[in-house]
Amino acid sequence: MSSILSPALPTSSFPGTANASQEMAGRDSSLKPCDLLKKIREFTRSLLVDLSGGRSLSISLDRYRNYCTDPSGKCYCSSDLPKGKEILSLQRECHAYRLDVLLRVLHIVQQLLQENKHGSKRDIYYMHPSIFSEQAVVDRAINDICILLKCSRHNLNVASVGNGLVMGWLRFFEGGRKFDCIKSPCTVHPVPVHVEEVTGIMSIAEYILVVEKEAVFQRLANDKFCSTNRCIIITGRGYPDVSTRRFLRLLTEKLCLPAYCLVDCDPYGFDILTTYRFGSMQMAYDAKFMRVTELHWLGAFPSDSKKYCLPERCLLPLTAEDKRRAEGLLQRCYLQREEPQWRLELEMMLQGGVKFEIEALSVSSISFLSEMYIPSKIQGQLYI
Amino acid sequence: MIIFRKIKYLLYPSVWHFYLQHTQTCFQMLYWKLTTMADFCKSSLFYSDKKLCYAEILPPSVVRARIEVAVLNFLKILNSPNPAITDLPLISRTSNNSRVSRGLMTDVSSIFLSHSFCTRSLMRANAAKAFVRVWKVMEMCFQLLTEEKRVTQRELFYKLLCNSPDYFTSQLEVNRTIQDVVALLHCSRYSLGIMASSRGALTGRLLLQDPNQETIDCTACGSSGYAITGDLNVIEKLVMQSDARYIIVVEKHAIFQRLADDRIFNKIPSILVTGKGYPDIATRLLLYRMSRAFPNLPIVALVDWNPAGLAILCTFKFGSIGMGLEAYRFACNVKWLGLRGDDLPLIPEESLVPLKPRDLQIAKSLMSSELLQRRIAVNDSERSKGRN
């Protein structure tokens with residue numbers, strides 16, 4: 001650590017160290033690099049002050065979660081405040097290792113900010129691969145640093161590889177470059193990685209369609225869905241990554257359009273739906289900026305199999321893993337509190353013991369999905 | 001050979017100088033040289049072409065016609081004086097049937113599949129279902145081609161599952177049967193009406209124009225680059241312009257993104273392409289079209305120092321056995337830029353990871369294939385380091 005020792009302060013004033021006062025400052029994702037560098041310096045200074053004062057080194061990290069398994073409904077998961085603290089001290093060996101990793105990653109992040117460069121989590125791992133025994137260790141350190149400095153991951157100049165796709169009646173600028181999907185609404189574009197640099201969003205769409213799988217996205221592209229329907233289609237290709245979630249959130253905020261989600265009728269699809277809607281546990285500290293509260297579940301529901309006369313063959317049985325996953329999902333407190341209808345459908349799925357994929361709907365007619373299913377559901381408001 | 005000798009003389013400066021003094025003769029000679037060289041180049045693969053089997057990209061009407069011919073053939077033999085149920089001869093897609101062709105006057109070598117057949121027969125008890133599956137898929141594809149629709153492999157699975165539940169139980173069976181149909185009809189998967197998306201991305205000093213659409217400047221595509229479309233027809237028709245000096249093929253998406261972020265194509269005028277791992281057909285087709293459109297640009301590859309990286313490099317360069325029927329023509333002359341054995345001193349000791357059993361398996365299969373016979377020295381050095 002290359003900080004300069006300043007004259008000892010009477011008490012360390014950085015929140016999160018042993019003698020800190022509670023700071024209720026909210027999370028601000030529009031931090032500038034100089035602010036963050038200042039915070040890093042203050043943090044390191046307060047650690048040194050603790051050490052030179054003969055006090056044991058300890059860091060307290062806020063704990064965040066966006067759901068718990070408490071069925072009573074009296075938990076505080078819906079608020080974005082931290083729920084409890086975790087104290088890292090040198091007295092436990094696992095904590096000492098975690099502190100070591102955290103400080104090393106902090107040093108690397110400081111260099112990235114000073115040189116105005118971006119790095120990926122993998123790049124950071126490769127800087128000391130013998131000390132960082134695996135990638136997950138680096139990921140956790142980065143999350144801890146975000147919690148400590150009260151910022152989002154992109155503020156640390158840690159960028160991840162983008163995995164989402166978007167198409168439709170949309171135009172936006174990213175870092176000075178224009179992406180005009182309006183002229184050719186059926187052209188597919190990757191979701192921009194640096195979402196904070198996206199400006200000038202303009203659209204004449206009526207709604208946003210969020211799709212789980214790339215195959216369904218491709219089917220809609222092939223059927224030229226966007227030519228006949230004024231909408232924006234976005235997919236995360238499975239579990240959505242951070243930039244896809246942020247981009248979707250940005251679109252719903254700026255354009256005030258309703259968003260509908262199309263996932264497979266299985267516990268895996270339902271999990272992806274909750275990730276878009278509530279955020280993931282891993283990134284719970286940043287959930288405020290990544291969840292989309294106005295997301296509606298368009299399909300596929302377990303009841304759709306009867307309604308659209310799906311052949312028996314296409315209904316696959318739930319595996320043991322699926323049942324475990326569904327049971328785990330049912331226990332999440334936010335479902336009972338905020339989306340009870342979703343919970344009912346999931347229960348029906350578990351009771352029925354079968355699952356099916358979106359592609360099964362196209363068995364009778366290839367364009368069934370784009371010509372009948374989606375438009376009729378949206379017009380008939382058959383979403384929950 | 002006479003042609004060889006004549007060409008040899010034409011290449012000697014002194015002889016050329018002599019010809020310059022006799023202008024008319026000179027022009028005749030020049031014309032003759034160019035035509036023979038062109039013919040020579042075109043014919044250089046003719047000897048190995050005899051052994052080569054390929055699947056073409058055909059229009060729907062031709063594919064339907066081939067399916068009809070297969071059916072008529074079957075019926076003819078069934079109706080003959082000695083009625084029998086014919087076996088279906090499929091080009092065998094194993095390493096025994098694969099060969100490497102090394103172009104005589106070009107730098108391009110590729111894998112191709114030869115004429116060895118395996119059969120699907122109704123007469124063998126265990127394999128009877130495989131025989132019926134091929135017919136079922138041909139029927140489904142015929143229907144799709146008549147309706148002029150495209151499906152993904154998953155959608156095809158569901159259709160077949162509902163139509164013929166006794167024969168299709170998993171996606172894997174459908175995928176294998178589709179490859180059987182490709183091997184039977186000698187037409188590409190894309191011609192059968194099956195669409196696939198592409199994972200590849202592109203950025204750098206390249207201007208792409210879809211006919212009737214706007215020109216796309218790939219320098220302005222952001223750090224994710226231009227997403228390569230899975231539609232092979234569209235890629236065939238793209239018009240390309242570039243002022244780059246190199247084409248850099250990158251194995252990993254993360255490295256591609258880092259290079260695009262750093263705008264390396266402005267410092268070294270180049271085009272960056274990635275397949276995000278093993279490249280799919282669309283990425284390879286686009287790279288092939290670029291190598292044809294800009295024959296002077298060297299294509300270099302940046303892969304990890306491990307057997308999988310080398311295998312990916314070989315897929316770009318030679319093609320693969322699995323798609324040996326379709327993809328042999330997309331082989332390009334790709335050079336290995338890095339990481340190489342002599343780059344190892346640049347890498348800190350702690351980043352080196354020991355080779356896993358899977359890595360050794362890939363290395364062994366590469367060593368034993370004909371592809372790298374001339375490059376034994378490189379492989380040996382890789383094996384001796386035993387490091388990843």
# chains A, B, ... in the order shown; residues from 1 in each chain; ligands from 1
>>> interface_residues(of="chain B", to="chain A", cutoff="6 Å", atoms="only C-alpha atoms", output="MDAnalysis selection string")
chainID B and resid 155 158:159 162 254 350:351
>>> residues_around(residues="Ile321 (chain B)", least_positions_apart="2", cutoff="12 Å", atoms="only C-alpha atoms", output="ChimeraX atom specification")
/B:54,91-100,110-114,179,314-315,318-319,323-328,369,371
>>> atom_distance(atom1="CA of Leu122 (chain B)", atom2="CA of Leu145 (chain B)")
26.5 Å
>>> residues_around(residues="region 246-260 of chain A", least_positions_apart="5", cutoff="6 Å", atoms="only C-alpha atoms", output="ChimeraX atom specification")
/A:207-210,290,292,295-298
>>> residues_around(residues="Gly309 (chain B)", least_positions_apart="4", cutoff="9 Å", atoms="only C-alpha atoms", output="list in words")
Glu251, Gly277, Tyr278, Leu302, Val303, Asp304, Trp305, Leu313 and Cys314 of chain B
>>> select_by_dssp(residues="region 111-306 of chain B", states="strand (DSSP E)", output="PyMOL selection string")
chain B and resi 111-113+117-120+201-204+206-209+215-217+226-227+239-242+246-250+270-274+299-302
>>> select_by_dssp(residues="region 65-177 of chain B", states="alpha helix (DSSP H)", output="PyMOL selection string")
chain B and resi 65-78+128-147+153-163+171-177
>>> write_last_selection(atoms="C-alpha atoms", output="PDB file, in the first residue's frame")
ATOM      1  CA  ALA B  65     -35.543 -32.617 -55.605  1.00  0.00           C
ATOM      2  CA  ARG B  66     -32.787 -34.609 -53.900  1.00  0.00           C
ATOM      3  CA  ILE B  67     -35.197 -35.788 -51.224  1.00  0.00           C
ATOM      4  CA  GLU B  68     -37.641 -36.850 -53.926  1.00  0.00           C
ATOM      5  CA  VAL B  69     -34.884 -38.747 -55.717  1.00  0.00           C
ATOM      6  CA  ALA B  70     -34.003 -40.559 -52.501  1.00  0.00           C
ATOM      7  CA  VAL B  71     -37.619 -41.589 -52.058  1.00  0.00           C
ATOM      8  CA  LEU B  72     -37.967 -42.727 -55.682  1.00  0.00           C
ATOM      9  CA  ASN B  73     -34.799 -44.739 -55.417  1.00  0.00           C
ATOM     10  CA  PHE B  74     -36.111 -46.472 -52.346  1.00  0.00           C
ATOM     11  CA  LEU B  75     -39.418 -47.258 -54.044  1.00  0.00           C
ATOM     12  CA  LYS B  76     -37.740 -48.476 -57.188  1.00  0.00           C
ATOM     13  CA  ILE B  77     -35.736 -51.072 -55.318  1.00  0.00           C
ATOM     14  CA  LEU B  78     -38.760 -52.030 -53.271  1.00  0.00           C
ATOM     15  CA  ALA B 128     -33.193 -49.842 -37.280  1.00  0.00           C
ATOM     16  CA  LYS B 129     -34.513 -46.813 -35.477  1.00  0.00           C
ATOM     17  CA  ALA B 130     -31.663 -44.678 -36.753  1.00  0.00           C
ATOM     18  CA  PHE B 131     -32.695 -45.672 -40.278  1.00  0.00           C
ATOM     19  CA  VAL B 132     -36.299 -44.586 -39.704  1.00  0.00           C
ATOM     20  CA  ARG B 133     -35.173 -41.356 -38.021  1.00  0.00           C
ATOM     21  CA  VAL B 134     -33.361 -40.254 -41.159  1.00  0.00           C
ATOM     22  CA  TRP B 135     -36.544 -40.635 -43.196  1.00  0.00           C
ATOM     23  CA  LYS B 136     -38.610 -38.796 -40.600  1.00  0.00           C
ATOM     24  CA  VAL B 137     -36.242 -35.843 -40.589  1.00  0.00           C
ATOM     25  CA  MET B 138     -36.198 -35.764 -44.390  1.00  0.00           C
ATOM     26  CA  GLU B 139     -40.002 -35.679 -44.393  1.00  0.00           C
ATOM     27  CA  MET B 140     -40.058 -32.815 -41.913  1.00  0.00           C
ATOM     28  CA  CYS B 141     -37.443 -30.836 -43.818  1.00  0.00           C
ATOM     29  CA  PHE B 142     -39.333 -31.376 -47.081  1.00  0.00           C
ATOM     30  CA  GLN B 143     -42.437 -29.912 -45.479  1.00  0.00           C
ATOM     31  CA  LEU B 144     -40.523 -26.938 -44.111  1.00  0.00           C
ATOM     32  CA  LEU B 145     -38.875 -26.247 -47.440  1.00  0.00           C
ATOM     33  CA  THR B 146     -42.223 -26.317 -49.197  1.00  0.00           C
ATOM     34  CA  GLU B 147     -43.581 -23.810 -46.698  1.00  0.00           C
ATOM     35  CA  GLN B 153     -32.880 -27.431 -34.025  1.00  0.00           C
ATOM     36  CA  ARG B 154     -34.883 -27.223 -30.808  1.00  0.00           C
ATOM     37  CA  GLU B 155     -38.117 -26.421 -32.636  1.00  0.00           C
ATOM     38  CA  LEU B 156     -37.450 -29.297 -34.990  1.00  0.00           C
ATOM     39  CA  PHE B 157     -37.040 -31.540 -31.948  1.00  0.00           C
ATOM     40  CA  TYR B 158     -40.469 -30.566 -30.632  1.00  0.00           C
ATOM     41  CA  LYS B 159     -42.129 -31.095 -33.993  1.00  0.00           C
ATOM     42  CA  LEU B 160     -40.555 -34.522 -34.332  1.00  0.00           C
ATOM     43  CA  LEU B 161     -41.394 -35.347 -30.729  1.00  0.00           C
ATOM     44  CA  CYS B 162     -45.065 -34.707 -31.404  1.00  0.00           C
ATOM     45  CA  ASN B 163     -45.107 -36.358 -34.793  1.00  0.00           C
ATOM     46  CA  GLN B 171     -32.232 -33.355 -28.734  1.00  0.00           C
ATOM     47  CA  LEU B 172     -29.002 -35.249 -29.285  1.00  0.00           C
ATOM     48  CA  GLU B 173     -30.732 -37.831 -31.489  1.00  0.00           C
ATOM     49  CA  VAL B 174     -32.247 -35.062 -33.585  1.00  0.00           C
ATOM     50  CA  ASN B 175     -28.883 -33.333 -34.002  1.00  0.00           C
ATOM     51  CA  ARG B 176     -27.180 -36.568 -35.051  1.00  0.00           C
ATOM     52  CA  THR B 177     -29.936 -37.386 -37.507  1.00  0.00           C
TER      53      THR B 177
END
>>> closest_residue(among="A:Phe278, A:Trp342, A:Trp169, A:Tyr373", to="Ser79 (chain A)", atoms="only C-alpha atoms")
A:Phe278
>>> residues_around(residues="Ile216 (chain B)", least_positions_apart="4", cutoff="10 Å", atoms="only C-alpha atoms", output="ChimeraX atom specification")
/B:206-210,220-221,226,240
>>> closest_residue(among="A:Ile40, A:Cys151, A:Ala284, A:Ile233", to="Cys186 (chain A)", atoms="only C-alpha atoms")
A:Ile233
